[in-house]
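Asker: Structure file data-v8.txt (compact mmCIF, C-alpha atoms) right here:
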```
# COMPACT_ATOMS: atom_id res chain seq x y z
CA MET P 1 101.91 90.01 87.63
CA ARG P 2 99.19 90.53 90.15
CA ILE P 3 100.43 93.40 92.30
CA LEU P 4 99.18 94.67 95.66
CA ALA P 5 100.16 98.24 96.57
CA ILE P 6 99.95 99.26 100.23
CA ASP P 7 100.12 102.99 100.93
CA ASP P 8 98.22 105.57 102.95
CA ASP P 9 98.49 108.13 100.14
CA GLN P 10 95.71 107.82 97.54
CA PHE P 11 97.76 109.82 95.07
CA ILE P 12 100.38 107.06 94.95
CA PHE P 13 97.65 104.64 93.83
CA GLU P 14 96.64 107.00 91.04
CA LEU P 15 100.27 107.30 89.99
CA LEU P 16 100.89 103.54 90.11
CA LYS P 17 97.68 102.77 88.19
CA GLU P 18 98.74 105.14 85.45
CA ILE P 19 102.27 103.78 85.23
CA ILE P 20 101.52 100.09 85.66
CA SER P 21 98.78 100.13 83.04
CA HIS P 22 101.45 101.14 80.54
CA ILE P 23 104.32 98.84 81.44
CA GLY P 24 103.29 95.29 80.79
CA ASP P 25 100.75 92.71 81.69
CA HIS P 26 100.17 93.63 85.34
CA THR P 27 97.08 94.16 87.44
CA LEU P 28 97.06 96.40 90.49
CA GLU P 29 95.05 96.17 93.69
CA THR P 30 95.40 98.58 96.58
CA ALA P 31 95.17 98.74 100.36
CA GLU P 32 95.37 101.89 102.47
CA SER P 33 96.78 100.28 105.60
CA GLY P 34 98.71 97.28 106.79
CA SER P 35 95.69 95.68 108.44
CA GLU P 36 93.55 96.09 105.30
CA ALA P 37 96.37 94.59 103.21
CA LEU P 38 96.77 91.58 105.49
CA ALA P 39 93.01 90.93 105.32
CA ILE P 40 93.08 91.16 101.50
CA ILE P 41 96.10 88.86 101.27
CA ARG P 42 94.49 86.25 103.55
CA ASP P 43 91.22 86.28 101.58
CA ALA P 44 92.34 86.74 97.97
CA PRO P 45 94.28 84.47 95.63
CA ALA P 46 98.04 84.94 95.67
CA PHE P 47 99.63 88.20 94.67
CA ASP P 48 102.89 87.95 92.74
CA CYS P 49 104.40 91.14 94.10
CA ILE P 50 103.76 93.61 96.92
CA LEU P 51 104.62 97.31 96.75
CA LEU P 52 104.85 98.59 100.30
CA ASP P 53 105.13 102.06 101.80
CA PHE P 54 107.26 102.43 104.93
CA GLN P 55 105.67 105.20 106.96
CA MET P 56 102.03 104.44 107.60
CA PRO P 57 99.88 104.98 110.71
CA LYS P 58 99.37 102.11 113.18
CA MET P 59 101.43 99.50 111.31
CA ASN P 60 104.56 100.60 109.47
CA GLY P 61 105.96 98.92 106.37
CA VAL P 62 108.50 96.83 108.27
CA GLU P 63 105.78 95.42 110.54
CA VAL P 64 103.58 94.68 107.53
CA CYS P 65 106.48 92.98 105.72
CA ARG P 66 107.18 90.73 108.72
CA ALA P 67 103.48 89.84 108.99
CA VAL P 68 103.23 89.12 105.24
CA ARG P 69 106.20 86.74 105.43
CA LEU P 70 104.32 84.65 108.01
CA ILE P 71 101.28 84.12 105.75
CA ASP P 72 101.16 80.80 103.89
CA GLY P 73 102.45 81.18 100.34
CA TYR P 74 104.04 84.60 100.97
CA ASP P 75 107.40 83.55 102.37
CA GLN P 76 109.09 84.23 99.02
CA THR P 77 106.74 86.71 97.33
CA PRO P 78 108.78 89.76 96.28
CA VAL P 79 108.10 92.72 98.58
CA VAL P 80 109.31 96.01 97.14
CA MET P 81 109.49 98.94 99.54
CA LEU P 82 108.26 102.09 97.84
CA THR P 83 109.03 104.86 100.25
CA ALA P 84 110.30 108.39 100.78
CA MET P 85 112.40 107.22 103.75
CA SER P 86 115.95 107.37 102.44
CA GLU P 87 118.12 107.03 105.55
CA LYS P 88 120.21 103.88 105.88
CA ARG P 89 118.51 102.73 109.09
CA TYR P 90 115.21 102.39 107.22
CA ILE P 91 116.83 100.56 104.32
CA ASP P 92 118.52 98.12 106.75
CA ALA P 93 115.28 97.55 108.67
CA ALA P 94 113.33 96.84 105.48
CA PHE P 95 115.77 94.25 104.10
CA LEU P 96 116.13 92.59 107.51
CA ALA P 97 112.33 92.29 107.69
CA GLY P 98 112.32 90.37 104.40
CA ALA P 99 112.00 93.06 101.71
CA THR P 100 113.30 92.10 98.27
CA ASP P 101 113.99 95.58 96.93
CA TYR P 102 113.81 99.22 97.99
CA ILE P 103 112.73 102.07 95.73
CA ASN P 104 112.74 105.64 96.95
CA LYS P 105 109.88 108.00 96.30
CA PRO P 106 109.61 110.08 94.29
CA PHE P 107 110.42 107.35 91.82
CA GLU P 108 111.48 107.76 88.22
CA ILE P 109 108.93 106.08 85.99
CA SER P 110 111.67 104.41 83.95
CA ASP P 111 113.29 103.07 87.13
CA LEU P 112 110.02 101.60 88.41
CA ARG P 113 109.47 99.97 85.04
CA VAL P 114 112.93 98.35 85.06
CA ARG P 115 112.66 97.16 88.65
CA LEU P 116 109.20 95.65 88.08
CA GLY P 117 110.62 93.92 85.01
CA VAL P 118 113.35 92.34 87.16
CA ILE P 119 110.82 91.27 89.79
CA SER P 120 108.61 89.79 87.08
CA SER P 121 111.55 87.70 85.80
CA LEU P 122 112.32 86.57 89.36
CA VAL P 123 108.71 85.48 89.88
CA ALA P 124 108.77 83.55 86.59
CA ALA P 125 112.11 81.88 87.42
CA ARG P 126 110.94 80.80 90.87
CA ARG P 127 107.72 79.46 89.41
CA GLU P 128 109.65 77.50 86.78
CA SER P 129 112.06 75.98 89.29
CA GLY P 130 109.18 75.06 91.62
CA MET P 131 111.14 76.61 94.48
CA ILE P 132 109.56 76.46 97.94
CA LEU P 133 110.80 77.04 101.49
CA SER P 134 111.13 73.84 103.44
CA PRO P 135 111.93 73.26 107.14
CA ILE P 136 115.24 71.60 107.93
CA SER P 137 116.52 69.80 111.00
CA SER P 138 117.56 72.89 112.98
CA GLY P 139 114.03 74.31 112.71
CA ASP P 140 115.10 77.01 110.25
CA GLN P 141 113.96 77.08 106.65
CA ALA P 142 115.81 76.76 103.34
CA SER P 143 114.51 77.02 99.80
CA VAL P 144 114.27 73.79 97.85
CA ALA P 145 113.82 73.57 94.08
CA SER P 146 112.23 70.71 92.16
CA THR P 147 115.51 70.35 90.25
CA PRO P 148 118.50 68.56 91.90
CA LEU P 149 120.56 70.71 94.27
CA SER P 150 123.65 72.08 92.60
CA LEU P 151 126.81 73.16 94.41
CA TYR P 152 126.90 76.49 92.63
CA GLN P 153 123.23 77.40 93.05
CA PRO P 154 122.47 79.83 95.90
CA PHE P 155 119.42 79.04 97.98
CA GLU P 156 117.51 81.01 100.51
CA ILE P 157 118.02 80.53 104.23
CA ARG P 158 115.32 81.90 106.51
CA ASP P 159 114.70 82.60 110.18
CA ILE P 160 118.31 83.41 110.99
CA GLU P 161 119.00 86.92 112.26
CA GLY P 162 120.64 89.07 109.57
CA VAL P 163 120.53 86.39 106.85
CA VAL P 164 118.52 87.23 103.73
CA ASP P 165 118.05 85.96 100.19
CA VAL P 166 120.98 86.69 97.84
CA VAL P 167 118.70 88.64 95.45
CA ALA P 168 117.73 90.93 98.35
CA LEU P 169 121.41 91.33 99.32
CA GLU P 170 122.30 92.33 95.75
CA ASN P 171 119.49 94.90 95.78
CA TYR P 172 120.64 96.12 99.21
CA VAL P 173 124.23 96.69 98.02
CA SER P 174 123.00 98.40 94.84
CA LYS P 175 120.71 100.61 96.92
CA LEU P 176 123.49 101.68 99.31
CA SER P 177 125.80 102.41 96.41
CA ARG P 178 123.27 104.32 94.30
CA SER P 179 122.10 106.35 97.29
CA ARG P 180 125.71 107.18 98.17
CA LEU P 181 125.27 105.67 101.61
CA PHE P 182 128.91 104.79 101.84
CA GLY P 183 130.83 103.34 104.71
CA SER P 184 129.71 99.72 104.68
CA SER P 185 132.12 96.93 103.82
CA VAL P 186 131.54 93.73 101.87
CA PHE P 187 133.41 90.51 102.58
CA ALA P 188 132.76 86.81 102.11
CA VAL P 189 133.27 83.62 104.04
CA SER P 190 133.91 80.35 102.17
CA ILE P 191 133.67 76.81 103.45
CA ARG P 192 136.91 74.97 102.73
CA ARG P 193 136.89 71.81 100.56
CA ILE P 194 133.26 72.50 99.67
CA GLU P 195 133.33 70.34 96.50
CA GLN P 196 134.47 67.38 98.57
CA LEU P 197 131.75 67.92 101.15
CA PHE P 198 129.10 68.30 98.43
CA MET P 199 130.11 64.97 96.86
CA GLN P 200 130.31 63.08 100.16
CA ILE P 201 127.04 64.01 101.88
CA THR P 202 123.39 64.02 100.84
CA PRO P 203 121.76 67.22 99.47
CA PHE P 204 119.66 67.44 102.64
CA ASP P 205 122.73 67.16 104.89
CA PHE P 206 124.52 69.69 102.67
CA GLN P 207 121.70 72.22 103.14
CA CYS P 208 121.56 71.54 106.88
CA MET P 209 125.32 72.12 107.11
CA LEU P 210 125.02 75.46 105.29
CA VAL P 211 122.17 76.55 107.55
CA ASP P 212 124.32 75.67 110.59
CA VAL P 213 127.21 77.72 109.19
CA ALA P 214 124.76 80.60 108.60
CA GLU P 215 123.69 80.32 112.24
CA ALA P 216 127.31 80.41 113.43
CA LEU P 217 128.03 83.38 111.15
CA SER P 218 125.03 85.26 112.48
CA ASP P 219 126.04 84.54 116.09
CA THR P 220 129.65 85.59 115.47
CA LEU P 221 128.65 88.84 113.75
CA GLY P 222 126.03 89.19 116.48
CA SER P 223 126.53 92.64 117.93
CA GLN P 224 127.29 94.34 114.60
CA ASN P 225 124.90 95.76 112.04
CA PHE P 226 125.16 93.24 109.24
CA ILE P 227 123.24 91.61 106.41
CA ALA P 228 124.43 88.32 104.90
CA ALA P 229 123.28 85.85 102.25
CA TYR P 230 124.28 82.44 100.94
CA ALA P 231 125.74 83.01 97.48
CA GLY P 232 126.25 79.38 96.39
CA SER P 233 129.42 77.21 96.26
CA GLY P 234 129.68 77.25 100.07
CA SER P 235 130.22 81.01 100.25
CA PHE P 236 128.38 83.62 102.29
CA VAL P 237 128.55 87.31 101.42
CA CYS P 238 128.30 89.75 104.32
CA VAL P 239 127.78 93.50 104.43
CA VAL P 240 128.85 95.14 107.69
CA GLU P 241 128.51 98.75 108.68
CA GLY P 242 131.73 100.74 108.52
CA SER P 243 134.90 98.77 109.04
CA LYS P 244 133.85 97.44 112.41
CA ILE P 245 135.67 94.16 111.88
CA TYR P 246 139.19 95.40 112.38
CA ASN P 247 140.76 91.98 112.63
CA TYR P 248 139.55 89.48 110.04
CA PRO P 249 141.90 86.62 111.08
CA GLU P 250 140.58 86.88 114.64
CA PHE P 251 136.98 86.99 113.29
CA THR P 252 137.68 83.86 111.22
CA ASP P 253 139.03 82.06 114.29
CA ARG P 254 135.93 82.97 116.30
CA LEU P 255 133.67 81.82 113.47
CA ASN P 256 135.51 78.50 113.15
CA LEU P 257 135.25 78.04 116.89
CA ALA P 258 131.49 78.72 116.76
CA ILE P 259 131.16 76.16 113.92
CA GLN P 260 133.21 73.61 115.85
CA ARG P 261 130.97 74.03 118.89
CA LEU P 262 127.94 73.08 116.79
CA GLU P 263 129.41 69.55 116.51
CA MET P 264 127.87 68.98 113.08
CA HIS P 265 126.94 65.47 112.00
CA CYS P 266 125.50 63.86 108.87
CA SER P 267 122.16 62.00 109.00
CA THR P 268 124.22 58.80 109.25
CA GLY P 269 125.76 60.02 112.49
CA ALA P 270 129.21 60.59 110.97
CA PRO P 271 130.84 63.80 112.20
CA LEU P 272 131.25 66.68 109.76
CA ARG P 273 134.47 68.62 109.88
CA VAL P 274 133.67 72.10 108.54
CA ARG P 275 136.10 75.03 108.45
CA VAL P 276 135.83 78.40 106.76
CA SER P 277 138.15 81.08 105.43
CA THR P 278 137.49 84.79 105.11
CA GLY P 279 138.42 86.88 102.09
CA GLN P 280 139.39 90.51 101.80
CA ALA P 281 136.85 93.21 102.57
CA SER P 282 136.00 96.11 100.22
CA ARG P 283 134.28 99.37 101.09
CA ILE P 284 131.07 100.27 99.24
CA MET P 285 131.70 103.44 97.22
CA TRP P 286 129.66 105.25 94.63
CA GLN P 287 129.28 102.80 91.79
CA SER P 288 126.72 101.93 89.18
CA GLY P 289 124.46 99.00 90.02
CA THR P 290 126.56 96.54 88.03
CA THR P 291 129.85 97.68 89.50
CA ALA P 292 128.40 97.53 92.99
CA LEU P 293 127.44 93.91 92.34
CA ASP P 294 130.99 93.23 91.20
CA LEU P 295 131.98 93.88 94.82
CA LEU P 296 130.01 90.80 95.82
CA SER P 297 131.73 88.54 93.30
CA HIS P 298 135.14 89.99 94.20
CA ALA P 299 134.41 89.24 97.86
CA VAL P 300 133.41 85.64 97.04
CA ASN P 301 136.42 85.10 94.77
CA SER P 302 138.74 86.43 97.45
CA ALA P 303 137.26 84.13 100.12
CA GLU P 304 137.41 81.10 97.81
CA ARG P 305 141.05 81.84 96.98
CA GLU P 306 141.86 82.11 100.67
CA ALA P 307 140.04 78.82 101.35
CA SER P 308 142.10 77.09 98.64
CA ARG P 309 145.32 78.66 99.90
CA VAL P 310 144.73 77.46 103.48
CA GLU P 311 143.82 73.96 102.35
CA LYS P 312 146.90 73.77 100.16
CA GLN P 313 149.02 74.88 103.09
CA LEU P 314 147.48 72.16 105.26
CA ASP P 315 148.04 69.59 102.50
CA ASP P 316 151.69 70.64 102.32
CA PHE P 317 151.96 69.98 106.04
CA GLY P 318 150.23 66.63 105.58
CA CYS P 319 147.13 67.54 107.65
CA ASP P 320 143.79 65.90 106.92
CA GLY P 321 141.10 68.20 105.44
CA ALA P 322 137.35 67.92 105.64
CA SER P 323 135.85 64.49 105.96
CA PRO P 324 132.36 63.46 106.94
CA MET A 1 103.79 102.18 75.52
CA ASP A 2 101.51 104.65 73.75
CA GLN A 3 103.37 107.87 74.56
CA HIS A 4 100.45 110.15 73.83
CA ILE A 5 98.03 108.32 76.11
CA PHE A 6 100.68 108.07 78.79
CA GLU A 7 101.46 111.79 78.67
CA ALA A 8 97.76 112.62 78.85
CA GLY A 9 97.49 110.42 81.93
CA MET A 10 100.49 112.07 83.58
CA SER A 11 99.09 115.50 82.80
CA ARG A 12 95.85 114.52 84.54
CA LEU A 13 97.85 113.36 87.56
CA LYS A 14 99.77 116.61 87.64
CA LYS A 15 96.51 118.52 87.85
CA LEU A 16 95.27 116.20 90.56
CA PHE A 17 98.49 116.73 92.50
CA VAL A 18 98.18 120.51 92.36
CA GLN A 19 94.54 120.41 93.45
CA THR A 20 95.51 118.26 96.43
CA HIS A 21 98.47 120.51 97.11
CA TYR A 22 96.27 123.58 97.59
CA GLN A 23 94.54 121.81 100.46
CA ARG A 24 97.84 120.60 101.90
CA HIS A 25 99.33 124.07 101.68
CA ASP A 26 96.34 125.60 103.47
CA ARG A 27 96.52 122.94 106.15
CA LEU A 28 100.25 123.60 106.67
CA GLU A 29 99.57 127.35 106.96
CA TYR A 30 97.09 126.55 109.71
CA LEU A 31 99.46 124.09 111.42
CA VAL A 32 102.40 126.50 111.45
CA THR A 33 100.28 128.92 113.48
CA LYS A 34 99.09 126.14 115.74
CA LEU A 35 102.66 124.96 116.24
CA GLN A 36 103.58 128.33 117.74
CA GLN A 37 100.61 128.35 120.11
CA ALA A 38 100.03 124.78 121.19
CA GLU A 39 101.12 123.76 124.67
CA SER A 40 101.92 120.25 123.57
CA PRO A 41 102.80 120.47 119.90
CA ALA A 42 103.68 116.80 119.34
CA ALA A 43 100.44 115.95 117.51
CA THR A 44 100.70 119.08 115.36
CA ALA A 45 104.31 118.30 114.46
CA ALA A 46 103.34 114.72 113.60
CA GLU A 47 100.61 115.95 111.24
CA VAL A 48 103.05 118.38 109.60
CA GLU A 49 105.55 115.56 109.15
CA ASP A 50 102.88 113.33 107.62
CA ILE A 51 101.81 115.98 105.08
CA LEU A 52 105.41 116.76 104.15
CA HIS A 53 106.11 113.05 103.79
CA LYS A 54 103.30 112.70 101.26
CA ILE A 55 104.48 115.73 99.28
CA ALA A 56 108.08 114.48 99.33
CA GLY A 57 106.96 111.08 98.08
CA THR A 58 105.03 112.23 95.03
CA ALA A 59 105.94 115.76 93.92
CA GLY A 60 109.08 114.68 92.04
CA SER A 61 107.24 112.00 90.07
CA VAL A 62 104.89 114.58 88.54
CA GLY A 63 107.51 117.20 87.77
CA PHE A 64 107.72 119.26 90.97
CA LYS A 65 111.15 118.11 92.05
CA LYS A 66 112.14 121.29 93.87
CA LEU A 67 108.95 121.21 95.95
CA GLY A 68 109.50 117.52 96.77
CA ASP A 69 113.14 118.07 97.77
CA ALA A 70 112.17 120.98 100.02
CA ALA A 71 109.41 118.89 101.63
CA GLN A 72 111.86 116.07 102.28
CA GLN A 73 114.41 118.34 103.92
CA VAL A 74 111.82 119.83 106.25
CA GLU A 75 110.33 116.40 106.98
CA VAL A 76 113.74 115.08 108.02
CA PHE A 77 114.26 118.19 110.18
CA PHE A 78 110.96 117.55 111.96
CA ARG A 79 111.79 113.87 112.43
CA ASP A 80 115.19 114.68 113.90
CA HIS A 81 113.93 117.45 116.20
CA PRO A 82 111.32 116.07 118.57
CA THR A 83 109.04 118.78 119.97
CA SER A 84 109.83 117.58 123.50
CA LYS A 85 113.28 119.14 123.24
CA GLY A 86 112.07 122.64 124.05
CA SER A 87 110.99 125.99 122.73
CA ALA A 88 114.21 126.70 120.81
CA ASP A 89 113.58 123.66 118.65
CA ARG A 90 109.96 124.64 118.21
CA ALA A 91 111.01 128.08 116.95
CA ALA A 92 113.41 126.41 114.51
CA MET A 93 110.63 124.10 113.30
CA VAL A 94 108.36 127.06 112.67
CA GLN A 95 111.16 128.76 110.77
CA VAL A 96 111.90 125.83 108.46
CA LEU A 97 108.21 125.17 107.89
CA ASN A 98 107.72 128.80 106.91
CA ALA A 99 110.64 128.47 104.49
CA PHE A 100 108.91 125.45 102.94
CA LEU A 101 105.63 127.36 102.68
CA ASP A 102 107.47 130.06 100.72
CA VAL A 103 108.62 127.41 98.24
CA SER A 104 105.13 125.95 98.16
CA LEU A 105 103.62 129.35 97.40
CA GLY A 106 105.74 129.47 94.27
CA LEU A 107 103.69 126.53 93.03
CA CYS A 108 100.33 127.75 94.32
CA ASP A 109 100.45 131.38 93.28
CA PRO A 110 100.38 131.25 89.51
CA LEU A 111 98.03 128.30 89.59
CA GLU A 112 95.49 130.05 91.78
CA GLN A 113 94.62 132.07 88.73
CA LEU A 114 94.53 129.07 86.45
CA THR A 115 91.21 127.38 85.87
CA PRO A 116 91.63 124.55 83.43
CA ARG A 117 89.14 125.31 80.70
CA ASN A 118 89.17 122.04 78.81
CA HIS A 119 91.26 118.96 78.07
CA ASP A 120 93.71 120.84 75.87
CA ASP A 121 94.41 123.80 78.08
CA ASP A 122 97.86 125.21 78.73
CA PHE A 123 98.11 123.78 82.19
CA ASP A 124 101.39 121.96 81.56
CA LYS A 125 103.06 125.07 80.29
CA VAL A 126 102.39 126.70 83.62
CA SER A 127 102.83 123.84 86.05
CA GLY A 128 105.40 121.74 84.24
CA THR A 129 108.27 124.08 84.97
CA GLY A 130 108.47 122.44 88.37
CA LEU A 131 109.19 125.64 90.28
```
Is it possible to express this structure as structure tokens?

Answerer:
Amino acid sequence: MRILAIDDDQFIFELLKEIISHIGDHTLETAESGSEALAIIRDAPAFDCILLDFQMPKMNGVEVCRAVRLIDGYDQTPVVMLTAMSEKRYIDAAFLAGATDYINKPFEISDLRVRLGVISSLVAARRESGMILSPISSGDQASVASTPLSLYQPFEIRDIEGVVDVVALENYVSKLSRSRLFGSSVFAVSIRRIEQLFMQITPFDFQCMLVDVAEALSDTLGSQNFIAAYAGSGSFVCVVEGSKIYNYPEFTDRLNLAIQRLEMHCSTGAPLRVRVSTGQASRIMWQSGTTALDLLSHAVNSAEREASRVEKQLDDFGCDGASP
Amino acid sequence: MDQHIFEAGMSRLKKLFVQTHYQRHDRLEYLVTKLQQAESPAATAAEVEDILHKIAGTAGSVGFKKLGDAAQQVEVFFRDHPTSKGSADRAAMVQVLNAFLDVSLGLCDPLEQLTPRNHDDDFDKVSGTGL
């Protein structure tokens, strides 16, 4: 990979040069400030990965990350925060600004090696799938691959407050868990009769519908500290601080109301009836990275089970489900 | 990875870190005095925080974990105690910074006497204990 490191500490560059030269086929370039980095990025051919310090004079890492995301070709480039700032508020701010991963200084050499390996695989996979961000009808952006859209495949939704890529959300949950920053809860929201909707509408309409649901979810969670991502199969995973949502049924009603108010339609003009269900929430505790990620799949499974249960109940009462 | 080459590289970085740390330690000694005297200590506190931040971010990666942890604790203290809050906070800042300088001296003292003679000196045996 071609890596750009941005840090105001020269010693970090020395350290990174030493480590990176020994861990694979990577090249490293450096910038001592956000403004220098942005100039380099605008002038030079694309970097595959950016390593970014948080606390720097004039422009901090979050501001640099936001600015990088606006540069052509950098909307999906992995940005790894490499910082001594370990409090949760900094971690939240970094992921919400578009960071892909967060590594605390001082870093373990073995950890940096593993994390760069994962980023390298992500870069290769995105390159292979030809994935790009493309604008959709609402003005937001969603990632589109050159391969046909699959129901199960997550895709990235951009420009919606609190909504990030699912890879970033996984890294966020792992980071909270590993750093013992407990207290946040994970839950998921699933669109009911998603298979039926996927079969009945075009891939473009399907993506637009999911972006609209993401918008409604973001608005409904509005005042809370949250980070959410689309996890595929019509499910969104959300991480909220503490257990601020005391009443999930009431939250689900508000979310469904927000979705209903969007008055969704297909490109053909046919109305889209979209309803969601919410699964059980789990608190983030101290867990290994893998176990922490299990929380996300448990949340999705729980929401999907609830969606099926509600639909079955409606079927038993003879109510009509989703139809475009 | 060629372990021998890698270890030689890390040993070089460790030496570089210590050389830089002498200057940082001296600067912090100067700033702790300034912190007690300055009428508006915000800029001094910000410089202290910046130096501690750099130490906290790198010391652990080259084997000086205790120094890095101490720097991080004092950095967080400075960040959470703005100088505008009054003289009591300033006295507390001076106290914690002095405590850090004591830890830092533990790294500087034995190394002051150490002049690396050549590539195969015993530097690591002295500095690698990480306080």

Asker: Using only C-alpha atoms, determine which residues of chain P fall within 10 Å of chain A; present them as a ChimeraX atom specification.

Answerer: /P:8-12,14-15,17-19,21-24,53,55-57,82-87,104-109

Asker: Counting all atoms listed in the file, what is within 6 Å of range 36-48 of chain P, bar same-chain residues fewer than 2 positions away, as a tab-separated table (two decimals) with C-alpha atoms, in the frame of the given file?

Answerer:
```
chain	number	residue	atom	x	y	z
P	1	MET	CA	101.91	90.01	87.63
P	2	ARG	CA	99.19	90.53	90.15
P	3	ILE	CA	100.43	93.40	92.30
P	31	ALA	CA	95.17	98.74	100.36
P	33	SER	CA	96.78	100.28	105.60
P	34	GLY	CA	98.71	97.28	106.79
```

Asker: Find the residues near Val173 in chain P: any atom within 10 Å, counting all atoms listed in the file, skip ones fewer than 6 places away on the same chain, and give them as a PyMOL selection string.

Answerer: chain P and resi 179+181+184-186+227+239+284+289+292-293+295-296

Asker: Could you list, as a ChimeraX atom specification, every residue within 10 Å of Gly183 in chain P, counting all atoms listed in the file and ignoring same-chain residues fewer than 2 positions away?

Answerer: /P:176-177,180-181,185,240-243,282-285

Asker: May I ask for the distance between CA of Val276 in chain P and CA of Phe204 in chain P, given in Å to one decimal place?

Answerer: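 These two atoms are separated by 20.0 Å.
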
Asker: Which residue is closest to Ala71 in chain A? Choose from A:Leu52, A:Leu28, A:Ala8, A:Ala45 and count only C-alpha atoms.

Answerer: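 Looking at the shortest contact to Ala71 in chain A, the residue is A:Leu52.
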
Asker: Work out how far apart CA of Thr202 in chain P and CA of Ser308 in chain P are and give it in Å to one decimal.

Answerer: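 Spanning CA of Thr202 in chain P to CA of Ser308 in chain P is a straight-line distance of 22.9 Å.
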
Asker: Restricting the calculation to all atoms listed in the file, which member of A:Phe78, A:Cys108, A:Val103, A:Arg90 is positioned closest to Thr33 in chain A?

Answerer: A:Arg90

Asker: For Gln36 in chain A, list every protein, DNA or RNA residue within 10 Å, evaluated using all atoms listed in the file, and leave out those in the same chain fewer than 5 positions away; present the list as a list in words.

Answerer: Leu31, Pro41, Thr44, Ser87, Arg90, Ala91, Met93 and Val94 of chain A

Asker: When you count all atoms listed in the file, which of these residues is closest to Lys312 in chain P: P:Gly73, P:Arg192, P:Leu169, P:Ser235?

Answerer: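 Nearest to Lys312 in chain P: P:Arg192.
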
Asker: Suppose you want the space between CA of Leu16 in chain P and CA of Asp102 in chain A; what is it in Å?

Answerer: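 Between CA of Leu16 in chain P and CA of Asp102 in chain A the gap works out to 29.3 Å.
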